[in-house]
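Quick notes on the structure that follows.
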Amino acid sequence: MFGLDKLDTLFVIWAFFLQIILIIHFALRKPFFYSYTKKYSWIVYALCIPAAVISIILLLGGKTWSFWIGGFLFLIYSAYGYWIDFVKKISWRNPLRKDIMFPYVTLYLSTIMFYWWPLALLYRPLWFVFGALFVIGTILNITSH
């Protein structure tokens, strides 16, 4: 793909897969709150497991930190989100609890940024496509609360 090596291709496929899953999740979250969100949204957090495995593969494969840090950030974000949403069952979105929101949003955005920004190092058009998907995901995320 675009002259990329196998590890770069793995990174690109995973980055786009994750972003597309997030878009689908955000699109379904509000209209199917009781049939999907309450029951199955934990699966999005569980994607941190393959993300971390892929990050380990990239790290051991000699890729620079910008390519493997996203999976580890996603692991931290997912652990935090799962703890707040499913273990503690804290309803922090409404009413908004800023003490939970700021670390949650920071971890989420840092995860996504480290799947987006390295794409520019590989093939600039991928960066633009991911950017468009990020905008779609962000709009769906904001409007689904």
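Identifiers in this document derive from the order of the structure tokens: chains are assigned A, B, ..., residues are numbered from 1 separately in each chain, and ligands are numbered from 1 in order of occurrence.
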
Select from segment 79-121 of chain A every residue with an atom at most 10 Å from any atom of segment 16-25 of chain A, then for each give the shortest pair of atoms and their distance in Å to one decimal, using only C-alpha atoms, rows by chain and rising number, as CSV.
```
residue,atom,partner,partner_atom,distance
A:Ile112,CA,A:Gln19,CA,8.0
A:Tyr115,CA,A:Phe16,CA,8.4
A:Trp116,CA,A:Phe16,CA,9.0
```

Just-selected residues, N, CA and C atoms written as a compact mmCIF listing (two decimals), in the first residue's frame:
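Writing done, so here's out_9.txt:
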```
# COMPACT_ATOMS: atom_id res chain seq x y z
N ILE A 112 -6.55 9.70 19.63
CA ILE A 112 -6.90 9.91 18.22
C ILE A 112 -5.81 10.69 17.49
N TYR A 115 -3.07 8.55 16.30
CA TYR A 115 -3.40 7.72 15.14
C TYR A 115 -3.49 8.58 13.89
N TRP A 116 -3.75 9.86 14.06
CA TRP A 116 -3.91 10.76 12.92
C TRP A 116 -2.57 11.35 12.47
```

Once you count only C-alpha atoms, what closest atom pair and distance in Å to one decimal does each residue of segment 47-144 of chain A within 9 Å of segment 1-7 of chain A have, with rows by chain and rising residue number, as a tab-separated table?
```
residue	atom	partner	partner_atom	distance
A:Ile57	CA	A:Leu7	CA	8.0
A:Leu58	CA	A:Leu7	CA	6.3
A:Gly61	CA	A:Leu7	CA	7.4
A:Lys63	CA	A:Leu7	CA	7.9
A:Leu122	CA	A:Leu4	CA	7.4
A:Tyr123	CA	A:Phe2	CA	7.4
```

Any chance you could export the current selection's C-alpha atoms as a short mmCIF file (atom, residue, chain, number, x, y, z; two decimals), in the first residue's frame?
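Output file again01.cif is given in full below:
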```cif
data_model
loop_
_atom_site.label_atom_id
_atom_site.label_comp_id
_atom_site.auth_asym_id
_atom_site.auth_seq_id
_atom_site.Cartn_x
_atom_site.Cartn_y
_atom_site.Cartn_z
CA ILE A 57 4.37 -5.08 17.53
CA LEU A 58 5.24 -1.61 16.20
CA GLY A 61 9.49 -3.72 15.05
CA LYS A 63 8.97 2.05 14.65
CA LEU A 122 3.62 8.00 5.73
CA TYR A 123 1.41 9.42 2.99
#
```

request  = Identify, with DSSP run on backbone atoms, the residues in segment 57-117 of chain A assigned to helix (DSSP H, G or I), and express the list as number ranges by chain.
outcome  = A: 57-60, 65-87, 98-117

request  = Record the distance separating atom CA of Lys39 of chain A and atom CA of Ala132 of chain A, expressed in Å with one decimal.
outcome  = 29.1 Å

query = Can you tell me how far atom CA of Ile76 of chain A sits from atom CA of Phe128 of chain A, in Å to one decimal?
reply =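 Taking atom CA of Ile76 of chain A as the start and atom CA of Phe128 of chain A as the end point, the length is 26.5 Å.
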
task = Quick one: everything within 12 Å of segment 41-45 of chain A, counting only C-alpha atoms, minus sequence neighbours fewer than 6 positions away in the same chain. Send it as number ranges by chain.
result = A: 17-30, 32-35, 51-52, 71, 73-87, 108

Go ahead and save the picked residues with N, CA, C and O atoms, as a tab-separated table (two decimals), in the first residue's frame.
```
chain	number	residue	atom	x	y	z
A	17	PHE	N	-9.47	1.60	10.86
A	17	PHE	CA	-10.47	0.70	11.44
A	17	PHE	C	-11.03	1.30	12.73
A	17	PHE	O	-12.24	1.36	12.92
A	18	LEU	N	-10.14	1.75	13.60
A	18	LEU	CA	-10.58	2.31	14.88
A	18	LEU	C	-11.44	3.55	14.66
A	18	LEU	O	-12.50	3.70	15.28
A	19	GLN	N	-11.03	4.43	13.78
A	19	GLN	CA	-11.80	5.65	13.54
A	19	GLN	C	-13.18	5.33	12.96
A	19	GLN	O	-14.18	5.93	13.35
A	20	ILE	N	-13.26	4.36	12.08
A	20	ILE	CA	-14.56	3.97	11.50
A	20	ILE	C	-15.45	3.34	12.56
A	20	ILE	O	-16.65	3.62	12.62
A	21	ILE	N	-14.88	2.51	13.42
A	21	ILE	CA	-15.66	1.92	14.52
A	21	ILE	C	-16.19	3.03	15.44
A	21	ILE	O	-17.35	2.98	15.87
A	22	LEU	N	-15.37	4.02	15.73
A	22	LEU	CA	-15.82	5.13	16.57
A	22	LEU	C	-16.95	5.90	15.91
A	22	LEU	O	-17.93	6.27	16.56
A	23	ILE	N	-16.87	6.13	14.61
A	23	ILE	CA	-17.94	6.82	13.89
A	23	ILE	C	-19.23	6.03	13.99
A	23	ILE	O	-20.30	6.59	14.27
A	24	ILE	N	-19.15	4.73	13.77
A	24	ILE	CA	-20.34	3.88	13.88
A	24	ILE	C	-20.90	3.93	15.30
A	24	ILE	O	-22.11	4.07	15.50
A	25	HIS	N	-20.02	3.83	16.28
A	25	HIS	CA	-20.43	3.88	17.69
A	25	HIS	C	-21.14	5.20	18.00
A	25	HIS	O	-22.22	5.20	18.60
A	26	PHE	N	-20.56	6.32	17.57
A	26	PHE	CA	-21.17	7.61	17.86
A	26	PHE	C	-22.50	7.78	17.13
A	26	PHE	O	-23.42	8.41	17.65
A	27	ALA	N	-22.60	7.21	15.94
A	27	ALA	CA	-23.86	7.30	15.18
A	27	ALA	C	-24.97	6.49	15.84
A	27	ALA	O	-26.14	6.87	15.77
A	28	LEU	N	-24.62	5.38	16.47
A	28	LEU	CA	-25.62	4.51	17.10
A	28	LEU	C	-25.93	4.87	18.54
A	28	LEU	O	-26.98	4.49	19.07
A	29	ARG	N	-25.04	5.58	19.18
A	29	ARG	CA	-25.13	5.80	20.63
A	29	ARG	C	-26.45	6.42	21.08
A	29	ARG	O	-27.08	5.92	22.00
A	30	LYS	N	-26.88	7.49	20.47
A	30	LYS	CA	-28.09	8.17	20.93
A	30	LYS	C	-29.38	7.46	20.48
A	30	LYS	O	-30.25	7.21	21.31
A	32	PHE	N	-29.98	4.44	19.71
A	32	PHE	CA	-30.12	3.08	20.24
A	32	PHE	C	-29.53	2.98	21.64
A	32	PHE	O	-28.84	2.03	21.98
A	33	PHE	N	-29.82	3.98	22.45
A	33	PHE	CA	-29.20	4.09	23.77
A	33	PHE	C	-29.44	2.84	24.62
A	33	PHE	O	-28.51	2.30	25.20
A	34	TYR	N	-30.67	2.37	24.70
A	34	TYR	CA	-30.96	1.23	25.58
A	34	TYR	C	-30.65	-0.12	24.92
A	34	TYR	O	-30.21	-1.04	25.60
A	35	SER	N	-30.83	-0.23	23.63
A	35	SER	CA	-30.58	-1.52	22.98
A	35	SER	C	-29.11	-1.73	22.61
A	35	SER	O	-28.66	-2.86	22.46
A	51	ALA	N	-5.33	-2.79	20.20
A	51	ALA	CA	-4.53	-1.58	20.00
A	51	ALA	C	-3.19	-1.69	20.72
A	51	ALA	O	-2.14	-1.34	20.16
A	52	ALA	N	-3.21	-2.18	21.95
A	52	ALA	CA	-1.97	-2.35	22.70
A	52	ALA	C	-1.07	-3.41	22.07
A	52	ALA	O	0.15	-3.24	22.00
A	71	GLY	N	-1.65	3.36	20.76
A	71	GLY	CA	-2.25	2.17	21.35
A	71	GLY	C	-2.15	2.15	22.86
A	71	GLY	O	-3.08	1.71	23.55
A	73	LEU	N	-1.88	4.91	24.74
A	73	LEU	CA	-2.79	5.96	25.20
A	73	LEU	C	-4.24	5.45	25.18
A	73	LEU	O	-5.02	5.75	26.08
A	74	PHE	N	-4.57	4.69	24.16
A	74	PHE	CA	-5.92	4.12	24.07
A	74	PHE	C	-6.17	3.15	25.22
A	74	PHE	O	-7.27	3.09	25.77
A	75	LEU	N	-5.16	2.41	25.60
A	75	LEU	CA	-5.27	1.50	26.74
A	75	LEU	C	-5.59	2.29	28.03
A	75	LEU	O	-6.48	1.90	28.80
A	76	ILE	N	-4.89	3.38	28.24
A	76	ILE	CA	-5.13	4.21	29.43
A	76	ILE	C	-6.52	4.85	29.36
A	76	ILE	O	-7.27	4.82	30.34
A	77	TYR	N	-6.87	5.40	28.20
A	77	TYR	CA	-8.19	6.01	28.01
A	77	TYR	C	-9.30	4.99	28.27
A	77	TYR	O	-10.27	5.27	28.97
A	78	SER	N	-9.15	3.81	27.71
A	78	SER	CA	-10.18	2.77	27.85
A	78	SER	C	-10.31	2.30	29.29
A	78	SER	O	-11.42	2.08	29.78
A	79	ALA	N	-9.18	2.13	29.96
A	79	ALA	CA	-9.24	1.72	31.36
A	79	ALA	C	-9.96	2.77	32.19
A	79	ALA	O	-10.82	2.45	33.02
A	80	TYR	N	-9.63	4.03	31.96
A	80	TYR	CA	-10.28	5.13	32.68
A	80	TYR	C	-11.78	5.18	32.35
A	80	TYR	O	-12.62	5.24	33.25
A	81	GLY	N	-12.11	5.15	31.06
A	81	GLY	CA	-13.51	5.21	30.65
A	81	GLY	C	-14.32	4.03	31.15
A	81	GLY	O	-15.45	4.19	31.63
A	82	TYR	N	-13.76	2.83	31.07
A	82	TYR	CA	-14.47	1.65	31.55
A	82	TYR	C	-14.70	1.74	33.06
A	82	TYR	O	-15.78	1.42	33.55
A	83	TRP	N	-13.68	2.19	33.77
A	83	TRP	CA	-13.80	2.33	35.23
A	83	TRP	C	-14.91	3.31	35.59
A	83	TRP	O	-15.74	3.01	36.45
A	84	ILE	N	-14.93	4.45	34.92
A	84	ILE	CA	-15.93	5.48	35.21
A	84	ILE	C	-17.33	5.03	34.78
A	84	ILE	O	-18.30	5.14	35.53
A	85	ASP	N	-17.45	4.52	33.55
A	85	ASP	CA	-18.76	4.21	32.96
A	85	ASP	C	-19.36	2.89	33.44
A	85	ASP	O	-20.57	2.80	33.65
A	86	PHE	N	-18.53	1.86	33.61
A	86	PHE	CA	-19.08	0.53	33.87
A	86	PHE	C	-18.81	0.00	35.27
A	86	PHE	O	-19.61	-0.77	35.80
A	87	VAL	N	-17.68	0.36	35.85
A	87	VAL	CA	-17.39	-0.13	37.20
A	87	VAL	C	-18.03	0.79	38.23
A	87	VAL	O	-18.83	0.35	39.06
A	108	TYR	N	-8.86	10.75	25.31
A	108	TYR	CA	-9.48	10.39	24.03
A	108	TYR	C	-8.80	11.13	22.87
A	108	TYR	O	-8.40	10.52	21.88
```

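Note that atom CA of Asn141 of chain A and atom CA of Ser66 of chain A are 24.9 Å apart.
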